[in-house]
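Containing mmCIF, C-alpha atoms: work_24.cif.
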data_model
#
loop_
_atom_site.label_atom_id
_atom_site.label_comp_id
_atom_site.auth_asym_id
_atom_site.auth_seq_id
_atom_site.Cartn_x
_atom_site.Cartn_y
_atom_site.Cartn_z
CA MET A 1 25.36 2.12 -8.86
CA SER A 2 24.75 -0.18 -5.96
CA ASP A 3 26.08 -0.68 -2.46
CA SER A 4 29.34 0.66 -3.57
CA GLU A 5 31.88 2.10 -1.27
CA ASN A 6 33.66 1.20 -4.42
CA HIS A 7 36.45 3.77 -4.53
CA ASN A 8 36.31 4.72 -8.17
CA CYS A 9 36.44 8.41 -7.29
CA SER A 10 38.63 10.37 -4.91
CA ALA A 11 39.71 13.86 -4.01
CA VAL A 12 42.04 15.59 -6.44
CA MET A 13 45.57 14.27 -6.06
CA ALA A 14 48.87 15.62 -7.38
CA VAL A 15 49.27 14.65 -11.03
CA LEU A 16 52.42 12.73 -11.82
CA PRO A 17 54.71 14.28 -14.43
CA THR A 18 55.56 10.80 -15.70
CA ALA A 19 53.06 8.06 -14.98
CA ARG A 20 54.07 4.50 -14.22
CA PRO A 21 51.93 1.38 -14.22
CA TYR A 22 52.16 1.04 -10.43
CA PRO A 23 54.50 2.28 -7.70
CA ASN A 24 57.71 0.33 -8.23
CA ALA A 25 59.56 -1.65 -5.62
CA ALA A 26 61.92 1.22 -4.82
CA ASP A 27 59.04 3.65 -4.21
CA ARG A 28 56.49 1.70 -2.31
CA PRO A 29 56.59 0.74 1.34
CA ALA A 30 57.29 -2.88 2.17
CA ILE A 31 54.17 -5.01 1.91
CA THR A 32 54.06 -7.60 4.64
CA ASN A 33 50.81 -9.19 3.50
CA SER A 34 49.17 -9.97 0.19
CA VAL A 35 46.67 -7.55 -1.30
CA ARG A 36 43.39 -9.34 -0.73
CA HIS A 37 40.72 -7.00 -2.08
CA LEU A 38 40.09 -5.97 -5.71
CA TYR A 39 37.69 -3.43 -7.14
CA VAL A 40 37.05 -3.42 -10.91
CA HIS A 41 35.31 -0.44 -12.50
CA ILE A 42 33.11 -1.00 -15.56
CA PRO A 43 31.95 2.50 -16.61
CA PHE A 44 29.44 1.59 -19.33
CA CYS A 45 25.75 2.47 -18.97
CA ALA A 46 22.85 2.07 -21.37
CA ARG A 47 21.53 5.36 -19.98
CA ILE A 48 23.16 8.03 -17.80
CA CYS A 49 21.26 8.49 -14.53
CA PRO A 50 20.93 12.22 -13.72
CA TYR A 51 21.93 11.81 -10.05
CA CYS A 52 25.06 9.65 -10.43
CA ALA A 53 28.50 11.23 -9.92
CA PHE A 54 30.59 8.10 -10.45
CA TYR A 55 32.69 7.96 -13.62
CA LYS A 56 30.52 6.49 -16.37
CA ASP A 57 29.87 6.79 -20.09
CA LEU A 58 27.28 5.60 -22.57
CA LEU A 59 27.80 2.07 -23.78
CA ASP A 60 29.79 1.88 -27.02
CA ARG A 61 29.87 -1.67 -28.37
CA SER A 62 32.83 -0.83 -30.60
CA GLN A 63 34.96 -0.26 -27.49
CA THR A 64 33.92 -3.00 -25.08
CA TRP A 65 36.15 -5.84 -26.31
CA GLY A 66 39.22 -3.62 -26.21
CA PHE A 67 38.15 -2.46 -22.77
CA CYS A 68 37.95 -6.04 -21.47
CA GLU A 69 41.41 -6.75 -22.83
CA ALA A 70 42.78 -3.59 -21.20
CA ILE A 71 41.33 -4.61 -17.82
CA LEU A 72 43.14 -7.95 -18.04
CA ARG A 73 46.36 -6.17 -19.07
CA GLU A 74 46.14 -3.98 -15.98
CA LEU A 75 45.50 -7.01 -13.78
CA HIS A 76 48.63 -8.61 -15.24
CA GLN A 77 50.61 -5.43 -14.47
CA ALA A 78 49.38 -5.51 -10.89
CA ARG A 79 50.51 -9.11 -10.49
CA THR A 80 54.08 -8.13 -11.46
CA ILE A 81 54.17 -5.68 -8.54
CA PHE A 82 51.95 -7.14 -5.84
CA GLU A 83 51.23 -10.55 -4.44
CA ILE A 84 47.47 -10.90 -4.90
CA SER A 85 45.56 -13.46 -2.90
CA ALA A 86 41.99 -12.38 -3.50
CA GLU A 87 39.47 -12.68 -0.69
CA THR A 88 37.00 -10.31 -2.33
CA ILE A 89 36.43 -9.05 -5.86
CA TYR A 90 33.88 -6.33 -6.59
CA PHE A 91 32.79 -5.41 -10.13
CA GLY A 92 31.09 -2.01 -9.96
CA GLY A 93 30.18 0.78 -12.31
CA GLY A 94 28.54 1.99 -14.34
CA THR A 95 26.80 -1.23 -15.19
CA PRO A 96 29.02 -4.34 -15.36
CA THR A 97 26.12 -6.39 -16.70
CA ALA A 98 25.89 -4.03 -19.69
CA LEU A 99 28.68 -6.20 -21.15
CA THR A 100 27.58 -9.11 -23.32
CA THR A 101 27.69 -12.69 -22.08
CA GLY A 102 30.71 -13.29 -24.33
CA GLN A 103 32.56 -10.30 -22.90
CA LEU A 104 31.72 -11.27 -19.33
CA GLU A 105 32.94 -14.80 -19.97
CA PHE A 106 36.21 -13.45 -21.44
CA LEU A 107 36.72 -10.95 -18.62
CA LEU A 108 35.81 -13.13 -15.65
CA GLY A 109 37.55 -16.09 -17.21
CA GLY A 110 40.70 -13.97 -17.42
CA PHE A 111 40.48 -13.21 -13.70
CA ARG A 112 40.11 -16.89 -12.94
CA GLU A 113 43.15 -17.71 -15.08
CA GLN A 114 45.38 -15.00 -13.59
CA LEU A 115 44.45 -15.21 -9.92
CA ASP A 116 44.61 -17.83 -7.21
CA LEU A 117 41.01 -17.82 -5.97
CA SER A 118 41.40 -20.51 -3.34
CA SER A 119 40.92 -17.89 -0.58
CA LEU A 120 38.01 -16.11 -2.28
CA LYS A 121 35.16 -15.34 0.13
CA GLU A 122 33.00 -13.05 -1.99
CA TRP A 123 32.74 -12.01 -5.64
CA THR A 124 30.18 -9.25 -6.18
CA MET A 125 28.75 -8.06 -9.47
CA GLU A 126 26.63 -4.92 -9.67
CA ALA A 127 23.65 -5.29 -12.00
CA ASN A 128 20.84 -3.15 -13.32
CA PRO A 129 17.50 -4.91 -13.72
CA GLY A 130 17.32 -3.83 -17.37
CA SER A 131 20.51 -5.74 -18.24
CA VAL A 132 19.84 -9.05 -16.49
CA SER A 133 18.91 -12.16 -18.46
CA SER A 134 18.62 -15.81 -17.46
CA ARG A 135 21.60 -16.69 -19.66
CA LYS A 136 23.75 -13.93 -18.16
CA ALA A 137 22.76 -14.88 -14.61
CA ALA A 138 23.62 -18.53 -15.21
CA LEU A 139 27.00 -17.57 -16.69
CA LEU A 140 27.90 -15.34 -13.73
CA ARG A 141 27.00 -18.12 -11.35
CA LYS A 142 29.10 -20.60 -13.34
CA LEU A 143 32.12 -18.27 -13.40
CA GLY A 144 32.20 -17.90 -9.63
CA VAL A 145 30.26 -14.74 -8.83
CA THR A 146 28.72 -15.29 -5.39
CA ARG A 147 26.88 -12.01 -4.78
CA ILE A 148 24.74 -9.71 -6.91
CA SER A 149 24.01 -6.07 -6.04
CA LEU A 150 20.85 -5.10 -7.89
CA GLY A 151 20.26 -1.37 -8.46
CA ILE A 152 16.48 -1.21 -8.07
CA GLN A 153 16.31 2.16 -6.19
CA SER A 154 12.51 2.24 -5.93
CA TRP A 155 9.40 0.15 -6.57
CA ASP A 156 7.52 3.23 -7.77
CA ASP A 157 7.50 3.65 -11.57
CA ARG A 158 7.09 7.41 -11.38
CA LEU A 159 10.18 7.76 -9.21
CA LEU A 160 12.12 5.36 -11.43
CA LYS A 161 11.34 7.58 -14.40
CA LEU A 162 12.50 10.65 -12.46
CA LEU A 163 15.77 8.85 -11.66
CA GLY A 164 16.32 8.03 -15.32
CA ARG A 165 16.28 4.29 -14.70
CA GLU A 166 15.76 2.05 -17.72
CA HIS A 167 13.65 -0.52 -15.85
CA SER A 168 10.15 -0.62 -14.41
CA ALA A 169 9.19 -1.99 -11.00
CA GLU A 170 7.80 -5.10 -12.71
CA GLN A 171 11.07 -5.68 -14.59
CA ALA A 172 13.02 -5.21 -11.35
CA GLU A 173 11.03 -7.92 -9.60
CA GLN A 174 11.42 -10.24 -12.58
CA SER A 175 15.19 -9.71 -12.51
CA PHE A 176 15.35 -10.44 -8.80
CA ARG A 177 13.41 -13.68 -9.20
CA LEU A 178 15.50 -14.63 -12.24
CA LEU A 179 18.70 -14.25 -10.19
CA ARG A 180 17.22 -16.34 -7.41
CA ALA A 181 16.26 -19.04 -9.92
CA ALA A 182 19.86 -19.02 -11.21
CA GLY A 183 21.04 -19.98 -7.72
CA PHE A 184 22.05 -16.63 -6.22
CA SER A 185 21.07 -16.54 -2.56
CA ASN A 186 23.25 -13.56 -1.65
CA ILE A 187 21.52 -10.65 -3.40
CA ASN A 188 21.63 -7.01 -2.35
CA ILE A 189 18.76 -4.69 -3.26
CA ASP A 190 19.81 -1.06 -3.59
CA LEU A 191 17.27 1.62 -2.59
CA MET A 192 17.21 5.42 -2.45
CA PHE A 193 15.23 7.86 -0.32
CA GLY A 194 14.95 11.64 -0.10
CA LEU A 195 14.01 11.79 -3.79
CA PRO A 196 12.28 14.88 -5.23
CA GLY A 197 8.57 14.53 -4.55
CA GLN A 198 8.91 11.21 -2.73
CA THR A 199 6.39 10.73 0.08
CA ILE A 200 6.85 8.82 3.30
CA GLU A 201 4.10 6.43 2.18
CA GLN A 202 5.96 5.68 -1.07
CA TRP A 203 9.11 4.94 0.94
CA LYS A 204 7.21 2.75 3.38
CA SER A 205 5.71 0.81 0.47
CA THR A 206 9.16 0.36 -1.13
CA LEU A 207 10.64 -0.94 2.13
CA LYS A 208 7.77 -3.37 2.74
CA LYS A 209 7.91 -4.64 -0.84
CA THR A 210 11.65 -5.23 -0.47
CA ILE A 211 11.25 -7.09 2.82
CA THR A 212 8.60 -9.30 1.22
CA LEU A 213 11.16 -10.46 -1.38
CA GLN A 214 13.55 -11.40 1.46
CA PRO A 215 16.93 -10.44 -0.03
CA HIS A 216 19.84 -11.16 2.27
CA HIS A 217 21.18 -7.60 2.04
CA ILE A 218 19.59 -4.16 1.58
CA SER A 219 21.37 -0.84 0.96
CA ALA A 220 19.34 2.32 1.58
CA TYR A 221 20.97 5.61 0.56
CA CYS A 222 19.75 9.16 0.95
CA LEU A 223 19.97 11.09 -2.32
CA THR A 224 22.80 13.61 -2.36
CA TYR A 225 23.10 16.33 -4.97
CA GLU A 226 26.59 15.71 -6.34
CA GLU A 227 28.46 18.20 -8.51
CA ASP A 228 28.66 17.45 -12.23
CA THR A 229 25.21 15.86 -12.28
CA GLU A 230 21.93 17.01 -13.77
CA PHE A 231 20.24 16.77 -10.36
CA PHE A 232 22.85 19.13 -8.87
CA LEU A 233 22.03 21.75 -11.52
CA ARG A 234 18.30 21.35 -10.96
CA HIS A 235 18.85 21.70 -7.22
CA ALA A 236 20.94 24.84 -7.79
CA ARG A 237 18.14 26.30 -9.92
CA GLY A 238 15.64 25.65 -7.14
CA GLU A 239 13.71 22.95 -9.01
CA PHE A 240 14.62 20.38 -6.34
CA ARG A 241 14.87 21.04 -2.63
CA GLN A 242 16.42 18.93 0.11
CA ASP A 243 14.47 18.64 3.35
CA ALA A 244 16.67 17.51 6.25
CA ASP A 245 13.68 16.79 8.49
CA ALA A 246 12.01 14.64 5.82
CA ASP A 247 15.29 12.80 5.16
CA ALA A 248 15.58 12.05 8.88
CA GLU A 249 12.04 10.66 8.85
CA PHE A 250 12.85 8.44 5.85
CA PHE A 251 16.00 7.20 7.60
CA GLU A 252 14.16 6.47 10.85
CA MET A 253 11.53 4.49 8.95
CA ALA A 254 14.22 2.45 7.18
CA MET A 255 15.89 1.58 10.48
CA SER A 256 12.61 0.62 12.14
CA LEU A 257 11.08 -1.46 9.35
CA LEU A 258 14.27 -3.22 8.28
CA GLU A 259 15.35 -4.07 11.82
CA ASP A 260 11.84 -5.34 12.57
CA GLY A 261 12.14 -7.39 9.37
CA GLY A 262 15.19 -9.23 10.70
CA TYR A 263 17.97 -7.15 9.15
CA GLU A 264 21.00 -6.04 11.15
CA HIS A 265 21.84 -2.36 10.69
CA TYR A 266 25.59 -2.95 10.47
CA GLU A 267 26.53 0.30 8.66
CA ILE A 268 24.70 3.61 8.24
CA SER A 269 23.38 2.72 4.76
CA ASN A 270 23.53 -1.08 4.92
CA TYR A 271 21.38 -3.81 6.42
CA ALA A 272 21.92 -7.56 6.25
CA ARG A 273 20.65 -10.88 7.47
CA PRO A 274 23.07 -12.36 10.03
CA GLY A 275 26.18 -13.57 8.21
CA PHE A 276 25.49 -11.66 4.99
CA SER A 277 27.19 -8.29 5.51
CA SER A 278 29.38 -7.20 2.58
CA VAL A 279 32.85 -8.66 3.12
CA HIS A 280 34.32 -6.36 0.47
CA ASN A 281 32.92 -3.12 1.87
CA ARG A 282 33.86 -4.11 5.42
CA ALA A 283 37.47 -4.33 4.18
CA TYR A 284 37.26 -0.67 3.10
CA TRP A 285 35.80 0.40 6.43
CA LEU A 286 38.53 -1.46 8.33
CA GLY A 287 41.25 0.27 6.30
CA LYS A 288 42.51 -2.82 4.48
CA ASP A 289 44.72 -2.50 1.38
CA TYR A 290 42.88 -2.75 -1.93
CA LEU A 291 43.64 -2.51 -5.64
CA GLY A 292 41.36 -0.65 -8.02
CA ILE A 293 41.39 -1.75 -11.66
CA GLY A 294 39.74 0.11 -14.53
CA PRO A 295 39.29 3.77 -15.49
CA SER A 296 38.99 6.11 -12.47
CA ALA A 297 39.56 3.27 -9.99
CA VAL A 298 41.44 4.17 -6.80
CA SER A 299 43.95 1.93 -5.01
CA THR A 300 45.36 2.16 -1.50
CA VAL A 301 48.32 0.00 -0.48
CA GLY A 302 50.24 0.83 2.67
CA MET A 303 50.69 4.61 2.76
CA ARG A 304 50.33 5.05 -1.01
CA ARG A 305 47.09 5.92 -2.82
CA TRP A 306 46.70 6.39 -6.56
CA GLN A 307 43.93 6.83 -9.11
CA ASN A 308 43.61 5.66 -12.69
CA ILE A 309 42.82 7.79 -15.72
CA CYS A 310 39.17 8.92 -15.74
CA ASP A 311 38.61 8.28 -19.46
CA TYR A 312 38.03 4.77 -20.72
CA ARG A 313 39.25 5.45 -24.27
CA THR A 314 42.56 6.85 -23.03
CA TYR A 315 42.70 3.98 -20.56
CA ILE A 316 42.29 1.40 -23.34
CA ASP A 317 44.82 3.04 -25.66
CA GLY A 318 47.39 3.32 -22.90
CA LEU A 319 47.10 -0.22 -21.54
CA LEU A 320 47.08 -1.85 -24.97
CA SER A 321 50.25 0.07 -25.93
CA GLY A 322 52.05 -0.80 -22.71
CA LYS A 323 51.61 2.55 -21.00
CA SER A 324 50.41 3.40 -17.53
CA SER A 325 46.84 3.55 -16.31
CA MET A 326 47.77 5.81 -13.40
CA ALA A 327 46.82 9.48 -13.46
CA SER A 328 47.68 10.69 -9.96
CA GLN A 329 49.01 9.56 -6.61
CA GLU A 330 49.57 10.72 -3.06
CA THR A 331 51.42 9.56 0.01
CA LEU A 332 49.21 9.27 3.06
CA THR A 333 50.31 10.34 6.53
CA PRO A 334 49.53 8.48 9.76
CA GLU A 335 47.15 11.30 10.70
CA MET A 336 45.29 10.99 7.39
CA LYS A 337 44.93 7.25 7.94
CA ARG A 338 43.69 7.82 11.50
CA THR A 339 41.02 10.34 10.54
CA GLU A 340 39.85 8.18 7.62
CA ARG A 341 39.59 5.20 9.95
CA ILE A 342 37.52 7.17 12.46
CA ALA A 343 35.16 8.52 9.79
CA LEU A 344 34.58 5.10 8.28
CA LEU A 345 34.36 3.03 11.45
CA LEU A 346 31.94 5.47 13.08
CA ARG A 347 29.46 4.49 10.39
CA THR A 348 29.61 0.84 11.43
CA ARG A 349 27.86 -1.10 14.16
CA ASP A 350 31.20 -1.91 15.87
CA GLY A 351 32.27 1.73 16.09
CA VAL A 352 35.70 3.22 16.85
CA SER A 353 38.20 2.01 19.42
CA ALA A 354 38.92 4.10 22.50
CA SER A 355 42.57 4.37 21.45
CA ASP A 356 41.61 6.05 18.15
CA LEU A 357 39.65 8.70 20.07
CA ARG A 358 42.16 9.20 22.89
CA ARG A 359 43.31 12.55 21.46
CA SER A 360 39.70 13.70 21.09
CA ALA A 361 38.47 13.05 24.62
CA GLN A 362 36.71 16.41 24.94
CA GLU A 363 34.80 16.01 21.66
CA ARG A 364 33.96 12.41 22.56
CA ASN A 365 32.56 13.40 25.96
CA GLU A 366 30.53 16.26 24.50
CA LEU A 367 28.97 13.93 21.92
CA MET A 368 28.16 11.40 24.61
CA ALA A 369 26.51 14.13 26.69
CA LEU A 370 24.40 15.06 23.66
CA GLY A 371 23.29 11.44 23.33
CA LEU A 372 24.97 10.95 19.94
CA LEU A 373 27.69 8.54 21.05
CA ARG A 374 27.86 5.70 23.58
CA GLU A 375 30.42 3.20 24.80
CA SER A 376 30.05 -0.46 23.86
CA ASN A 377 32.58 -3.26 24.49
CA GLY A 378 35.46 -0.80 24.74
CA ASN A 379 34.50 1.01 21.52
CA PHE A 380 32.46 4.12 20.90
CA VAL A 381 29.42 3.73 18.66
CA LEU A 382 26.70 5.99 17.36
CA THR A 383 23.39 5.97 19.18
CA ARG A 384 20.19 5.77 17.16
CA LYS A 385 19.99 9.56 17.39
CA GLY A 386 23.66 9.81 16.38
CA LYS A 387 23.16 7.68 13.27
CA ALA A 388 20.95 10.37 11.78
CA LEU A 389 23.80 12.87 12.28
CA ALA A 390 26.69 10.55 11.42
CA ASP A 391 28.52 12.99 9.13
CA SER A 392 28.40 15.79 11.70
CA VAL A 393 29.62 13.47 14.46
CA ALA A 394 32.55 12.34 12.28
CA GLU A 395 33.47 15.95 11.48
CA ALA A 396 33.89 16.64 15.20
CA PHE A 397 36.88 14.28 15.21
CA LEU A 398 38.50 15.41 11.95
#

Produce structure tokens that represent the structure in this file.
Amino acid sequence: MSDSENHNCSAVMAVLPTARPYPNAADRPAITNSVRHLYVHIPFCARICPYCAFYKDLLDRSQTWGFCEAILRELHQARTIFEISAETIYFGGGTPTALTTGQLEFLLGGFREQLDLSSLKEWTMEANPGSVSSRKAALLRKLGVTRISLGIQSWDDRLLKLLGREHSAEQAEQSFRLLRAAGFSNINIDLMFGLPGQTIEQWKSTLKKTITLQPHHISAYCLTYEEDTEFFLRHARGEFRQDADADAEFFEMAMSLLEDGGYEHYEISNYARPGFSSVHNRAYWLGKDYLGIGPSAVSTVGMRRWQNICDYRTYIDGLLSGKSSMASQETLTPEMKRTERIALLLRTRDGVSASDLRRSAQERNELMALGLLRESNGNFVLTRKGKALADSVAEAFL
């Protein structure tokens, strides 16, 4: 996975007794604007990383062509319900680049045929260094992909092995340079810190190496031990331990080195050169409507949220036989939307408006007194100290 607030997982929602392809016109609230943001989930991986909790499965070449066709069937279904004027498209996973060049050409070509892309601002493709080739990079560039998110995670081979990655540091650098040679200027490098046994010197070396390559975007995530992962079990057994103080030191180093290197810290885990922040992820943080396509993908349109089936074989069989891809749905309340907006916007450089925090004046003032929150241009934003405690600050308002 890469810089993916990619919404292919969600909390458990009420399961529908009879699934439908999408909320029909009688059910859904009136849509005054087009849906402008699409997320497409490609679950296939050559190897399952032991820390990843996103829906994924080992690559099965006998299934991938049918999968690509099912994705295009679901896109067609969506177009019969919603007006889609795509400003951003994000292919996440899993590993989208695990598909062959022929499959990528079929799939992306289908999106180009079905959608009006005249308003497209950004088309992101997640990639693992082990699945990048010069031919594949050239094809993605030709088909309109404008941004690559490269899941490097570390420049230390020992840590890459611990993470179950299929690439070495040398292969990762080769992939980055190959993408640059293919004409991609907007490349995100995805990094992780707080890894078992990782030292501050290893993290410093990884950050400096990344800055030397001068990508336009860098995502730096602290490892979390998610349920249903091998790392979670090892943590539960006491093999791995999480050190909050060490994690805070890693985070502080990332902020200092990346900001000194010319990157704007525009969201807790994301840094960009001016003008290169992720348009797609900013749409999530601003609470824009989005459609999720593919197994496990989540959609939110108006006050309705739904999630697709979390099994790609069932997903394929259903779509190709004219059935629904939806597994569950919920109706959001204004209060749910408000608290989500606060939690997401607090993570960003622009912060939360005063009106959103009007009902939480006491909590807001207490956090300001603690030096975790400050006022800026009529909004309330996290201080540098507050950024290290972002989740706890958000919980105070929920």

Selection result for the PyMOL selection byres ((chain A and resi 354-358) around 8) on this file, as a list in words
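For this structure, the PyMOL selection byres ((chain A and resi 354-358) around 8) resolves to Arg338, Ile342, Val352, Ser353, Arg359, Ser360, Ala361, Arg364, Gly378, Asn379, Phe380 and Phe397 of chain A.
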
With stretch 281-300 of chain A as the partner and 9 Å as the cut-off, tabulate the residues of stretch 311-336 of chain A that qualify, each row holding the nearest pair of atoms and their distance in Å to one decimal, using all atoms listed in the file, sorted by chain and rising number, as a Markdown table.
| residue | atom | partner | partner_atom | distance |
| --- | --- | --- | --- | --- |
| A:Asp311 | CA | A:Pro295 | CA | 6.0 |
| A:Tyr312 | CA | A:Pro295 | CA | 5.5 |
| A:Arg313 | CA | A:Pro295 | CA | 8.9 |
| A:Thr314 | CA | A:Pro295 | CA | 8.8 |
| A:Tyr315 | CA | A:Pro295 | CA | 6.1 |
| A:Ile316 | CA | A:Pro295 | CA | 8.7 |
| A:Ser325 | CA | A:Pro295 | CA | 7.6 |
| A:Met326 | CA | A:Ser296 | CA | 8.8 |
| A:Ala327 | CA | A:Ser296 | CA | 8.6 |

Applied to this file, what does the PyMOL selection byres ((chain A and resi 133) around 12) return in terms of residues, put as a PDB file with C-alpha atoms, in the frame of the given file?
ATOM      1  CA  THR A  97      26.120  -6.390 -16.700  1.00  0.00           C
ATOM      2  CA  ALA A  98      25.890  -4.030 -19.690  1.00  0.00           C
ATOM      3  CA  LEU A  99      28.680  -6.200 -21.150  1.00  0.00           C
ATOM      4  CA  THR A 100      27.580  -9.110 -23.320  1.00  0.00           C
ATOM      5  CA  THR A 101      27.690 -12.690 -22.080  1.00  0.00           C
ATOM      6  CA  ALA A 127      23.650  -5.290 -12.000  1.00  0.00           C
ATOM      7  CA  ASN A 128      20.840  -3.150 -13.320  1.00  0.00           C
ATOM      8  CA  PRO A 129      17.500  -4.910 -13.720  1.00  0.00           C
ATOM      9  CA  GLY A 130      17.320  -3.830 -17.370  1.00  0.00           C
ATOM     10  CA  SER A 131      20.510  -5.740 -18.240  1.00  0.00           C
ATOM     11  CA  VAL A 132      19.840  -9.050 -16.490  1.00  0.00           C
ATOM     12  CA  SER A 134      18.620 -15.810 -17.460  1.00  0.00           C
ATOM     13  CA  ARG A 135      21.600 -16.690 -19.660  1.00  0.00           C
ATOM     14  CA  LYS A 136      23.750 -13.930 -18.160  1.00  0.00           C
ATOM     15  CA  ALA A 137      22.760 -14.880 -14.610  1.00  0.00           C
ATOM     16  CA  ALA A 138      23.620 -18.530 -15.210  1.00  0.00           C
ATOM     17  CA  LEU A 139      27.000 -17.570 -16.690  1.00  0.00           C
ATOM     18  CA  LEU A 140      27.900 -15.340 -13.730  1.00  0.00           C
ATOM     19  CA  GLN A 171      11.070  -5.680 -14.590  1.00  0.00           C
ATOM     20  CA  ALA A 172      13.020  -5.210 -11.350  1.00  0.00           C
ATOM     21  CA  GLN A 174      11.420 -10.240 -12.580  1.00  0.00           C
ATOM     22  CA  SER A 175      15.190  -9.710 -12.510  1.00  0.00           C
ATOM     23  CA  PHE A 176      15.350 -10.440  -8.800  1.00  0.00           C
ATOM     24  CA  ARG A 177      13.410 -13.680  -9.200  1.00  0.00           C
ATOM     25  CA  LEU A 178      15.500 -14.630 -12.240  1.00  0.00           C
ATOM     26  CA  LEU A 179      18.700 -14.250 -10.190  1.00  0.00           C
ATOM     27  CA  ARG A 180      17.220 -16.340  -7.410  1.00  0.00           C
ATOM     28  CA  ALA A 181      16.260 -19.040  -9.920  1.00  0.00           C
ATOM     29  CA  ALA A 182      19.860 -19.020 -11.210  1.00  0.00           C
TER      30      ALA A 182
END

List as a PyMOL selection string the protein and nucleic acid residues near A:Ile89, meaning an atom at most 12 Å away when only C-alpha atoms are counted, but skip any in the same chain fewer than 3 places from it.
chain A and resi 6+35-41+84-86+92+108+111-112+115+117+119-126+144-148+278-281+283+290-293

Need to verify the contact set: A:His217, 8 Å, only C-alpha atoms, exclusion of same-chain residues closer than 5 positions in sequence. Can you return it as a list in words?
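Once the adjacent positions are removed, what remains is Asn186, Ile187, Asn188, Ile189, Tyr263, Asn270, Tyr271, Ala272, Arg273, Phe276 and Ser277 of chain A.
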
Hey, what comes out of the PyMOL selection byres ((chain A and resi 193) around 10) on this file? Could you write it as a PyMOL selection string?
chain A and resi 153-154+191-192+194-196+198-200+202-203+206+220-224+246-247+250-251+254

Export of prior selection with C-alpha atoms as a PDB file, in the frame of the given file:
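And here is the file that came out, again_2.pdb:
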ATOM      1  CA  GLN A 153      16.310   2.160  -6.190  1.00  0.00           C
ATOM      2  CA  SER A 154      12.510   2.240  -5.930  1.00  0.00           C
ATOM      3  CA  LEU A 191      17.270   1.620  -2.590  1.00  0.00           C
ATOM      4  CA  MET A 192      17.210   5.420  -2.450  1.00  0.00           C
ATOM      5  CA  GLY A 194      14.950  11.640  -0.100  1.00  0.00           C
ATOM      6  CA  LEU A 195      14.010  11.790  -3.790  1.00  0.00           C
ATOM      7  CA  PRO A 196      12.280  14.880  -5.230  1.00  0.00           C
ATOM      8  CA  GLN A 198       8.910  11.210  -2.730  1.00  0.00           C
ATOM      9  CA  THR A 199       6.390  10.730   0.080  1.00  0.00           C
ATOM     10  CA  ILE A 200       6.850   8.820   3.300  1.00  0.00           C
ATOM     11  CA  GLN A 202       5.960   5.680  -1.070  1.00  0.00           C
ATOM     12  CA  TRP A 203       9.110   4.940   0.940  1.00  0.00           C
ATOM     13  CA  THR A 206       9.160   0.360  -1.130  1.00  0.00           C
ATOM     14  CA  ALA A 220      19.340   2.320   1.580  1.00  0.00           C
ATOM     15  CA  TYR A 221      20.970   5.610   0.560  1.00  0.00           C
ATOM     16  CA  CYS A 222      19.750   9.160   0.950  1.00  0.00           C
ATOM     17  CA  LEU A 223      19.970  11.090  -2.320  1.00  0.00           C
ATOM     18  CA  THR A 224      22.800  13.610  -2.360  1.00  0.00           C
ATOM     19  CA  ALA A 246      12.010  14.640   5.820  1.00  0.00           C
ATOM     20  CA  ASP A 247      15.290  12.800   5.160  1.00  0.00           C
ATOM     21  CA  PHE A 250      12.850   8.440   5.850  1.00  0.00           C
ATOM     22  CA  PHE A 251      16.000   7.200   7.600  1.00  0.00           C
ATOM     23  CA  ALA A 254      14.220   2.450   7.180  1.00  0.00           C
TER      24      ALA A 254
END

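Our summary of the geometry notes that atom CA of A:Asp228 is positioned 6.6 Å from atom CA of A:Ala53.
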
Determine, counting all atoms listed in the file, which protein, DNA and RNA residues have an atom within 9 Å of an atom of A:Ala46; residues of the same chain fewer than 5 positions away are not included. Present the result as a compact mmCIF listing (two decimals) with C-alpha atoms, in the coordinates of the input.
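Everything below was put into result-v5.txt:
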# COMPACT_ATOMS: atom_id res chain seq x y z
CA ASP A 57 29.87 6.79 -20.09
CA LEU A 58 27.28 5.60 -22.57
CA LEU A 59 27.80 2.07 -23.78
CA ASP A 60 29.79 1.88 -27.02
CA THR A 95 26.80 -1.23 -15.19
CA ALA A 98 25.89 -4.03 -19.69
CA SER A 131 20.51 -5.74 -18.24
CA GLU A 166 15.76 2.05 -17.72

Distance query A:Gly386 at most 7 Å, all atoms listed in the file, self and fewer than 3 positions along chain excluded, as a count of residues only:
6

Report, in Å with one decimal, the straight-line distance from atom CA of A:Arg349 to atom CA of A:Val301.
25.2 Å

Point-to-point distance from atom CA of A:Asp317 to atom CA of A:Ser62, Å rounded to tenths
13.5 Å

With distances taken over only C-alpha atoms, which residue among A:Glu259, A:Gly151, A:Gly197, A:Asp391 lies nearest A:Ile211?
A:Glu259

Draw an axis-aligned box tight on the listed atoms of stretch 154-169 of chain A, then pad every side by 3 Å and write out centre and edge lengths in Å to one decimal as AutoDock Vina command-line options.
--center_x 11.7 --center_y 4.3 --center_z -11.8 --size_x 15.2 --size_y 18.6 --size_z 17.8

Considering all atoms listed in the file, state which residue in the set A:Ala236, A:Val393, A:Leu150, A:Leu160 is at the smallest distance from A:Thr210.
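Ranking A:Ala236, A:Val393, A:Leu150, A:Leu160 by distance to A:Thr210, first place goes to A:Leu150.
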
Polymer residues at most 10 Å from A:Gly109, all atoms listed in the file, same-chain spacing of 4 or more positions, as a PyMOL selection string:
chain A and resi 72+103-105+113-114+143-144

Ranking A:Trp155, A:Tyr51, A:Phe91, A:Phe82 by minimum distance to A:Glu230 and counting all atoms listed in the file, which one comes first?
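Going through A:Trp155, A:Tyr51, A:Phe91, A:Phe82 one by one, the smallest distance to A:Glu230 is for A:Tyr51.
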